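Novice: What follows is start.pdb, made up of PDB, C-alpha atoms, pLDDT in the B column:
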ATOM      1  CA  GLY A 202      96.461 112.731 111.498  1.00 77.00           C
ATOM      2  CA  LEU A 203      93.679 111.125 109.582  1.00 86.00           C
ATOM      3  CA  ILE A 204      94.957 107.568 109.493  1.00 92.00           C
ATOM      4  CA  GLU A 205      97.454 107.414 112.368  1.00 86.00           C
ATOM      5  CA  ASN A 206      95.004 106.353 115.074  1.00 92.00           C
ATOM      6  CA  VAL A 207      93.082 103.749 113.099  1.00 96.00           C
ATOM      7  CA  TYR A 208      95.295 100.848 114.026  1.00 95.00           C
ATOM      8  CA  SER A 209      95.667 101.680 117.723  1.00 95.00           C
ATOM      9  CA  LYS A 210      91.880 102.078 118.036  1.00 96.00           C
ATOM     10  CA  PHE A 211      91.445  98.746 116.280  1.00 97.00           C
ATOM     11  CA  LYS A 212      93.914  96.981 118.601  1.00 95.00           C
ATOM     12  CA  LEU A 213      92.149  98.444 121.617  1.00 96.00           C
ATOM     13  CA  MET A 214      88.804  97.188 120.309  1.00 96.00           C
ATOM     14  CA  LEU A 215      90.243  93.683 119.811  1.00 95.00           C
ATOM     15  CA  MET A 216      91.318  93.681 123.448  1.00 94.00           C
ATOM     16  CA  ARG A 217      88.217  95.241 124.984  1.00 95.00           C
ATOM     17  CA  LYS A 218      85.457  94.143 122.563  1.00 94.00           C
ATOM     18  CA  ASP A 219      83.172  96.748 124.130  1.00 96.00           C
ATOM     19  CA  GLU A 220      80.846  99.354 122.653  1.00 97.00           C
ATOM     20  CA  ALA A 221      83.058 102.291 123.632  1.00 97.00           C
ATOM     21  CA  SER A 222      86.100 100.978 121.780  1.00 97.00           C
ATOM     22  CA  LYS A 223      83.931 100.007 118.794  1.00 98.00           C
ATOM     23  CA  SER A 224      82.394 103.462 118.534  1.00 97.00           C
ATOM     24  CA  SER A 225      85.811 105.065 118.871  1.00 97.00           C
ATOM     25  CA  LEU A 226      86.983 103.028 115.868  1.00 98.00           C
ATOM     26  CA  VAL A 227      83.815 103.853 113.912  1.00 98.00           C
ATOM     27  CA  ALA A 228      84.371 107.563 114.649  1.00 97.00           C
ATOM     28  CA  GLN A 229      87.895 107.340 113.206  1.00 97.00           C
ATOM     29  CA  LEU A 230      86.659 105.437 110.119  1.00 98.00           C
ATOM     30  CA  THR A 231      83.920 108.050 109.721  1.00 98.00           C
ATOM     31  CA  ARG A 232      86.558 110.816 109.665  1.00 97.00           C
ATOM     32  CA  ILE A 233      88.338 108.998 106.827  1.00 97.00           C
ATOM     33  CA  ASN A 234      85.017 108.442 105.049  1.00 97.00           C
ATOM     34  CA  ASN A 235      84.161 112.147 105.314  1.00 97.00           C
ATOM     35  CA  HIS A 236      87.597 113.154 104.029  1.00 97.00           C
ATOM     36  CA  LEU A 237      87.170 110.906 100.979  1.00 97.00           C
ATOM     37  CA  GLU A 238      83.658 112.183 100.406  1.00 97.00           C
ATOM     38  CA  GLU A 239      84.684 115.826 100.708  1.00 97.00           C
ATOM     39  CA  LYS A 240      87.710 115.543  98.419  1.00 95.00           C
ATOM     40  CA  GLY A 241      86.041 113.279  95.883  1.00 94.00           C
ATOM     41  CA  PHE A 242      89.357 111.594  95.020  1.00 92.00           C
ATOM     42  CA  ARG A 243      89.761 107.894  94.224  1.00 93.00           C
ATOM     43  CA  PHE A 244      92.459 107.692  96.898  1.00 95.00           C
ATOM     44  CA  LEU A 245      93.397 109.572 100.066  1.00 95.00           C
ATOM     45  CA  THR A 246      95.302 112.434  98.459  1.00 95.00           C
ATOM     46  CA  GLY A 247      94.265 112.308  94.806  1.00 95.00           C
ATOM     47  CA  ASP A 248      93.462 110.050  91.908  1.00 93.00           C
ATOM     48  CA  THR A 249      96.712 108.130  92.178  1.00 93.00           C
ATOM     49  CA  MET A 250      97.814 105.934  95.029  1.00 92.00           C
ATOM     50  CA  CYS A 251     100.320 107.265  97.550  1.00 93.00           C
ATOM     51  CA  CYS A 252     102.175 105.985 100.601  1.00 92.00           C
ATOM     52  CA  PHE A 253      99.176 106.739 102.845  1.00 94.00           C
ATOM     53  CA  ASP A 254      96.991 104.395 100.831  1.00 95.00           C
ATOM     54  CA  CYS A 255      99.630 101.669 101.147  1.00 92.00           C
ATOM     55  CA  GLU A 256      99.495 102.222 104.890  1.00 93.00           C
ATOM     56  CA  LEU A 257      95.732 102.489 105.302  1.00 96.00           C
ATOM     57  CA  MET A 258      94.368  99.750 103.077  1.00 96.00           C
ATOM     58  CA  PRO A 259      96.095  96.798 104.777  1.00 95.00           C
ATOM     59  CA  LYS A 260      94.826  98.142 108.114  1.00 96.00           C
ATOM     60  CA  LEU A 261      91.287  98.310 106.757  1.00 97.00           C
ATOM     61  CA  GLN A 262      91.644  94.722 105.580  1.00 97.00           C
ATOM     62  CA  HIS A 263      92.784  93.650 109.054  1.00 97.00           C
ATOM     63  CA  ILE A 264      89.861  95.516 110.606  1.00 97.00           C
ATOM     64  CA  ARG A 265      87.451  93.749 108.230  1.00 97.00           C
ATOM     65  CA  VAL A 266      88.759  90.242 108.731  1.00 97.00           C
ATOM     66  CA  ALA A 267      90.024  90.182 112.317  1.00 97.00           C
ATOM     67  CA  GLY A 268      87.452  92.677 113.616  1.00 97.00           C
ATOM     68  CA  HIS A 269      84.640  90.490 112.326  1.00 96.00           C
ATOM     69  CA  ASN A 270      86.209  87.287 113.616  1.00 95.00           C
ATOM     70  CA  PHE A 271      87.361  88.342 117.074  1.00 95.00           C
ATOM     71  CA  ALA A 272      85.068  91.215 118.069  1.00 95.00           C
ATOM     72  CA  ASP A 273      81.980  90.812 115.895  1.00 95.00           C
ATOM     73  CA  PHE A 274      82.812  94.190 114.355  1.00 97.00           C
ATOM     74  CA  SER A 275      81.938  95.281 110.837  1.00 97.00           C
ATOM     75  CA  ILE A 276      82.743  98.502 109.042  1.00 97.00           C
ATOM     76  CA  PRO A 277      79.321 100.203 108.765  1.00 98.00           C
ATOM     77  CA  ASP A 278      77.715 100.000 105.306  1.00 97.00           C
ATOM     78  CA  SER A 279      76.776 103.657 105.719  1.00 97.00           C
ATOM     79  CA  LEU A 280      80.430 104.696 105.211  1.00 98.00           C
ATOM     80  CA  SER A 281      79.903 104.619 101.465  1.00 97.00           C
ATOM     81  CA  ALA A 282      82.936 106.724 100.498  1.00 97.00           C
ATOM     82  CA  LEU A 283      85.174 104.398 102.517  1.00 97.00           C
ATOM     83  CA  TRP A 284      83.652 101.336 100.846  1.00 98.00           C
ATOM     84  CA  ARG A 285      84.066 102.969  97.430  1.00 97.00           C
ATOM     85  CA  TYR A 286      87.712 103.561  98.308  1.00 97.00           C
ATOM     86  CA  MET A 287      88.174  99.930  99.381  1.00 97.00           C
ATOM     87  CA  SER A 288      86.492  98.768  96.209  1.00 96.00           C
ATOM     88  CA  GLN A 289      89.020 100.812  94.169  1.00 94.00           C
ATOM     89  CA  MET A 290      91.862  99.243  96.137  1.00 94.00           C
ATOM     90  CA  TYR A 291      90.540  95.710  95.583  1.00 95.00           C
ATOM     91  CA  LYS A 292      90.812  96.315  91.833  1.00 93.00           C
ATOM     92  CA  LEU A 293      94.501  97.190  91.976  1.00 92.00           C
ATOM     93  CA  ASP A 294      97.147  94.553  91.348  1.00 90.00           C
ATOM     94  CA  ALA A 295      99.394  96.394  93.780  1.00 86.00           C
ATOM     95  CA  PHE A 296      96.961  95.571  96.554  1.00 89.00           C
ATOM     96  CA  THR A 297      95.653  92.169  95.496  1.00 89.00           C
ATOM     97  CA  THR A 298      99.116  90.682  94.982  1.00 89.00           C
ATOM     98  CA  SER A 299     100.303  91.816  98.407  1.00 89.00           C
ATOM     99  CA  CYS A 300      97.075  91.235 100.337  1.00 90.00           C
ATOM    100  CA  PRO A 301      97.395  88.385 102.842  1.00 93.00           C
ATOM    101  CA  ALA A 302      94.770  85.657 102.918  1.00 94.00           C
ATOM    102  CA  ASP A 303      92.115  85.960 105.630  1.00 95.00           C
ATOM    103  CA  GLN A 304      93.651  82.941 107.352  1.00 94.00           C
ATOM    104  CA  ASP A 305      97.047  84.654 107.546  1.00 95.00           C
ATOM    105  CA  ILE A 306      95.479  87.740 109.088  1.00 95.00           C
ATOM    106  CA  LEU A 307      93.595  85.642 111.655  1.00 94.00           C
ATOM    107  CA  SER A 308      96.703  83.620 112.432  1.00 93.00           C
ATOM    108  CA  HIS A 309      98.641  86.839 113.108  1.00 92.00           C
ATOM    109  CA  TYR A 310      96.135  87.975 115.756  1.00 93.00           C
ATOM    110  CA  LYS A 311      95.736  84.530 117.262  1.00 92.00           C
ATOM    111  CA  MET A 312      99.494  84.396 117.828  1.00 90.00           C
ATOM    112  CA  GLN A 313      99.367  87.819 119.451  1.00 86.00           C
ATOM    113  CA  GLN A 314      96.661  86.506 121.772  1.00 84.00           C
ATOM    114  CA  GLY A 315      98.750  83.446 122.545  1.00 86.00           C
ATOM    115  CA  THR A 316      96.565  80.973 120.653  1.00 86.00           C
ATOM    116  CA  LYS A 317      97.191  79.109 117.436  1.00 85.00           C
ATOM    117  CA  MET A 318      95.270  78.212 114.316  1.00 82.00           C
ATOM    118  CA  SER A 319      93.656  74.796 114.507  1.00 86.00           C
ATOM    119  CA  ARG A 320      94.909  72.072 112.213  1.00 86.00           C
ATOM    120  CA  ARG A 321      91.670  72.419 110.210  1.00 86.00           C
ATOM    121  CA  GLU A 322      92.131  76.171 109.833  1.00 85.00           C
ATOM    122  CA  GLU A 323      95.709  75.684 108.671  1.00 84.00           C
ATOM    123  CA  LEU A 324      94.580  73.313 105.926  1.00 86.00           C
ATOM    124  CA  GLU A 325      91.768  75.517 104.645  1.00 86.00           C
ATOM    125  CA  THR A 326      92.013  76.919 101.144  1.00 91.00           C
ATOM    126  CA  PRO A 327      93.038  80.561 101.532  1.00 90.00           C
ATOM    127  CA  THR A 328      90.154  82.999 101.226  1.00 92.00           C
ATOM    128  CA  TYR A 329      90.274  86.699 100.499  1.00 92.00           C
ATOM    129  CA  THR A 330      87.462  88.906 101.766  1.00 93.00           C
ATOM    130  CA  ASN A 331      87.058  91.578  99.106  1.00 93.00           C
ATOM    131  CA  SER A 332      83.358  92.080  98.555  1.00 90.00           C
ATOM    132  CA  VAL A 333      81.835  95.483  99.202  1.00 94.00           C
ATOM    133  CA  PRO A 334      78.246  96.386 100.137  1.00 91.00           C
ATOM    134  CA  VAL A 335      76.165  97.652  97.238  1.00 80.00           C
TER     135      VAL A 335
END
Go through the file and emit its structure as structure tokens.

Specialist:
Amino acid sequence: GLIENVYSKFKLMLMRKDEASKSSLVAQLTRINNHLEEKGFRFLTGDTMCCFDCELMPKLQHIRVAGHNFADFSIPDSLSALWRYMSQMYKLDAFTTSCPADQDILSHYKMQQGTKMSRREELETPTYTNSVPV
């Protein structure tokens, strides 16, 4: 399916941090971008949110925050339909109230890698990455 492989490709990239795993993730994100572009909907299946959006958006947020931090990976600006979609999601209370802080996302992956947040990181004011490229 369209969104099933996103997370496994992301996890692989976090482990390998190589160009092949990065381009595999970009290819998957591009498929989602093209779907959104083609359909012209606000969300994956229409103009109202559905279960797939609730599944995809948190993954995209993890890719943004942890991908950038651990693998120097950014979602390409050229995926404009995907960014438009994320921008719609950032405006929804349903997403913003449930979205974890960047620090919580990073902590999750650090624990998976067997490391911990530093004392300084734990005391930081929570930040929420939710800007989109123009």

Novice: Please provide the set of residues having any atom within 10 Å of Ser224 (chain A), restricted to all atoms listed in the file, with same-chain residues fewer than 5 positions apart removed, written as a list in words.

Specialist: Lys210, Met214, Asp219, Gln229 and Leu230 of chain A

Novice: Give me, as a list in words, all polymer residues having an atom no more than 12 Å from Gly268 (chain A), counting all atoms listed in the file and skipping those fewer than 6 positions away in the same chain.

Specialist: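 Counting all atoms listed in the file, the residues come to Tyr208, Lys210, Phe211, Lys212, Leu213, Met214, Leu215, Met216, Arg217, Lys218, Ser222, Lys223, Leu226, Val227, Lys260, Leu261, Gln262, Phe274, Ser275, Ile276, Asp303, Ile306, Leu307 and Tyr310 of chain A.
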
Novice: Just say which residues the PyMOL selection byres ((chain A and resi 286-299) around 8) picks in this file, as number ranges by chain.

Specialist: A: 237, 243-244, 258, 282-285, 300-301, 331-333

Novice: Counting all atoms listed in the file, figure out which residue out of A:Ser281, A:Ser225, A:Thr330, A:Gln314 gets nearest to His263 (chain A).

Specialist: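 Among A:Ser281, A:Ser225, A:Thr330, A:Gln314, it is A:Thr330 that comes nearest to His263 (chain A).
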
Novice: Any idea what's packed within 8 Å of Lys317 (chain A), counting all atoms listed in the file, ignoring anything in its chain fewer than 3 positions away? Could you give it as a list in words?

Specialist: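 That gives Ser308, Lys311 and Met312 of chain A.
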
Novice: List as JSON, numbers by chain the residues having at least one atom at most 10 Å from position (94.3, 77.1, 111.8) as given in the file, counting all atoms listed in the file.

Specialist: {"A": [304, 305, 307, 308, 311, 316, 317, 318, 319, 320, 321, 322, 323, 324, 325]}

Novice: What gap, in Å, lies between CA of Pro334 (chain A) and CA of Leu280 (chain A)?

Specialist: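 So the two atoms, CA of Pro334 (chain A) and CA of Leu280 (chain A), lie 10.0 Å apart.
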
Novice: Quick one: pull the distance between CA of Val335 (chain A) and CA of Ser279 (chain A), Å, one decimal.

Specialist: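 Distance reported for this atom pair: 10.4 Å.
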
Novice: Quick one: of A:Lys240, A:Asp278, A:Thr246, A:Val266, who's nearest to Ala302 (chain A), counting only C-alpha atoms?

Specialist: A:Val266

Novice: Tell me which of A:Phe242, A:Asp273, A:Ala228, A:Tyr329 sits closest to Asp254 (chain A), counting only C-alpha atoms.

Specialist: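 Closest residue, counting only C-alpha atoms: A:Phe242.
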
Novice: Between A:Ala272, A:Leu257, A:Ala267, A:Cys251, which has the minimum distance to Glu205 (chain A) (counting all atoms listed in the file)?

Specialist: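 Ranking A:Ala272, A:Leu257, A:Ala267, A:Cys251 by distance to Glu205 (chain A), first place goes to A:Leu257.
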
Novice: Can you rebuild region 224-235 of chain A with all heavy atoms and give it as a PDB file, in the frame of the given file?

Specialist:
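What ended up in out35.pdb:
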ATOM      1  N   SER A 224      82.838 102.164 119.055  1.00 97.00           N
ATOM      2  CA  SER A 224      82.394 103.462 118.534  1.00 97.00           C
ATOM      3  C   SER A 224      83.563 104.410 118.311  1.00 97.00           C
ATOM      4  O   SER A 224      83.518 105.252 117.411  1.00 97.00           O
ATOM      5  CB  SER A 224      81.295 104.103 119.370  1.00 97.00           C
ATOM      6  OG  SER A 224      81.419 103.818 120.709  1.00 97.00           O
ATOM      7  N   SER A 225      84.617 104.259 119.087  1.00 97.00           N
ATOM      8  CA  SER A 225      85.811 105.065 118.871  1.00 97.00           C
ATOM      9  C   SER A 225      86.437 104.728 117.508  1.00 97.00           C
ATOM     10  O   SER A 225      86.861 105.618 116.763  1.00 97.00           O
ATOM     11  CB  SER A 225      86.805 104.800 120.006  1.00 97.00           C
ATOM     12  OG  SER A 225      88.027 105.407 119.730  1.00 97.00           O
ATOM     13  N   LEU A 226      86.463 103.447 117.169  1.00 98.00           N
ATOM     14  CA  LEU A 226      86.983 103.028 115.868  1.00 98.00           C
ATOM     15  C   LEU A 226      86.068 103.518 114.740  1.00 98.00           C
ATOM     16  O   LEU A 226      86.537 104.045 113.727  1.00 98.00           O
ATOM     17  CB  LEU A 226      87.137 101.506 115.816  1.00 98.00           C
ATOM     18  CG  LEU A 226      87.639 100.915 114.493  1.00 98.00           C
ATOM     19  CD1 LEU A 226      88.999 101.494 114.094  1.00 98.00           C
ATOM     20  CD2 LEU A 226      87.719  99.394 114.577  1.00 98.00           C
ATOM     21  N   VAL A 227      84.764 103.382 114.926  1.00 98.00           N
ATOM     22  CA  VAL A 227      83.815 103.853 113.912  1.00 98.00           C
ATOM     23  C   VAL A 227      83.975 105.361 113.693  1.00 98.00           C
ATOM     24  O   VAL A 227      83.943 105.834 112.555  1.00 98.00           O
ATOM     25  CB  VAL A 227      82.345 103.503 114.285  1.00 98.00           C
ATOM     26  CG1 VAL A 227      81.355 104.236 113.384  1.00 98.00           C
ATOM     27  CG2 VAL A 227      82.124 101.999 114.188  1.00 98.00           C
ATOM     28  N   ALA A 228      84.190 106.108 114.772  1.00 97.00           N
ATOM     29  CA  ALA A 228      84.371 107.563 114.649  1.00 97.00           C
ATOM     30  C   ALA A 228      85.594 107.881 113.785  1.00 97.00           C
ATOM     31  O   ALA A 228      85.561 108.771 112.932  1.00 97.00           O
ATOM     32  CB  ALA A 228      84.512 108.194 116.029  1.00 97.00           C
ATOM     33  N   GLN A 229      86.675 107.141 113.992  1.00 97.00           N
ATOM     34  CA  GLN A 229      87.895 107.340 113.206  1.00 97.00           C
ATOM     35  C   GLN A 229      87.656 106.968 111.734  1.00 97.00           C
ATOM     36  O   GLN A 229      88.062 107.694 110.826  1.00 97.00           O
ATOM     37  CB  GLN A 229      89.025 106.490 113.795  1.00 97.00           C
ATOM     38  CG  GLN A 229      90.385 106.754 113.192  1.00 97.00           C
ATOM     39  CD  GLN A 229      90.920 108.137 113.522  1.00 97.00           C
ATOM     40  OE1 GLN A 229      90.634 108.686 114.585  1.00 97.00           O
ATOM     41  NE2 GLN A 229      91.681 108.710 112.612  1.00 97.00           N
ATOM     42  N   LEU A 230      86.976 105.861 111.491  1.00 98.00           N
ATOM     43  CA  LEU A 230      86.659 105.437 110.119  1.00 98.00           C
ATOM     44  C   LEU A 230      85.732 106.449 109.445  1.00 98.00           C
ATOM     45  O   LEU A 230      85.846 106.719 108.249  1.00 98.00           O
ATOM     46  CB  LEU A 230      86.016 104.046 110.125  1.00 98.00           C
ATOM     47  CG  LEU A 230      86.919 102.888 110.568  1.00 98.00           C
ATOM     48  CD1 LEU A 230      86.119 101.606 110.715  1.00 98.00           C
ATOM     49  CD2 LEU A 230      88.094 102.692 109.605  1.00 98.00           C
ATOM     50  N   THR A 231      84.839 107.036 110.242  1.00 98.00           N
ATOM     51  CA  THR A 231      83.920 108.050 109.721  1.00 98.00           C
ATOM     52  C   THR A 231      84.690 109.292 109.289  1.00 98.00           C
ATOM     53  O   THR A 231      84.378 109.899 108.260  1.00 98.00           O
ATOM     54  CB  THR A 231      82.846 108.406 110.781  1.00 98.00           C
ATOM     55  OG1 THR A 231      82.161 107.201 111.141  1.00 98.00           O
ATOM     56  CG2 THR A 231      81.841 109.411 110.243  1.00 98.00           C
ATOM     57  N   ARG A 232      85.728 109.668 110.053  1.00 97.00           N
ATOM     58  CA  ARG A 232      86.558 110.816 109.665  1.00 97.00           C
ATOM     59  C   ARG A 232      87.219 110.566 108.305  1.00 97.00           C
ATOM     60  O   ARG A 232      87.269 111.450 107.452  1.00 97.00           O
ATOM     61  CB  ARG A 232      87.628 111.104 110.724  1.00 97.00           C
ATOM     62  CG  ARG A 232      87.081 111.898 111.902  1.00 97.00           C
ATOM     63  CD  ARG A 232      88.194 112.515 112.738  1.00 97.00           C
ATOM     64  NE  ARG A 232      88.827 111.568 113.644  1.00 97.00           N
ATOM     65  CZ  ARG A 232      88.285 111.157 114.786  1.00 97.00           C
ATOM     66  NH1 ARG A 232      87.088 111.598 115.162  1.00 97.00           N
ATOM     67  NH2 ARG A 232      88.921 110.303 115.564  1.00 97.00           N
ATOM     68  N   ILE A 233      87.711 109.350 108.105  1.00 97.00           N
ATOM     69  CA  ILE A 233      88.338 108.998 106.827  1.00 97.00           C
ATOM     70  C   ILE A 233      87.285 109.020 105.721  1.00 97.00           C
ATOM     71  O   ILE A 233      87.510 109.556 104.630  1.00 97.00           O
ATOM     72  CB  ILE A 233      89.031 107.613 106.910  1.00 97.00           C
ATOM     73  CG1 ILE A 233      90.160 107.656 107.944  1.00 97.00           C
ATOM     74  CG2 ILE A 233      89.562 107.192 105.542  1.00 97.00           C
ATOM     75  CD1 ILE A 233      90.729 106.301 108.317  1.00 97.00           C
ATOM     76  N   ASN A 234      86.122 108.453 106.011  1.00 97.00           N
ATOM     77  CA  ASN A 234      85.017 108.442 105.049  1.00 97.00           C
ATOM     78  C   ASN A 234      84.659 109.870 104.623  1.00 97.00           C
ATOM     79  O   ASN A 234      84.524 110.158 103.427  1.00 97.00           O
ATOM     80  CB  ASN A 234      83.805 107.758 105.690  1.00 97.00           C
ATOM     81  CG  ASN A 234      82.602 107.726 104.774  1.00 97.00           C
ATOM     82  OD1 ASN A 234      82.535 106.935 103.843  1.00 97.00           O
ATOM     83  ND2 ASN A 234      81.641 108.598 105.032  1.00 97.00           N
ATOM     84  N   ASN A 235      84.541 110.762 105.602  1.00 97.00           N
ATOM     85  CA  ASN A 235      84.161 112.147 105.314  1.00 97.00           C
ATOM     86  C   ASN A 235      85.227 112.868 104.500  1.00 97.00           C
ATOM     87  O   ASN A 235      84.911 113.657 103.612  1.00 97.00           O
ATOM     88  CB  ASN A 235      83.858 112.904 106.604  1.00 97.00           C
ATOM     89  CG  ASN A 235      82.660 112.303 107.332  1.00 97.00           C
ATOM     90  OD1 ASN A 235      81.912 111.499 106.766  1.00 97.00           O
ATOM     91  ND2 ASN A 235      82.489 112.663 108.588  1.00 97.00           N
TER      92      ASN A 235
END
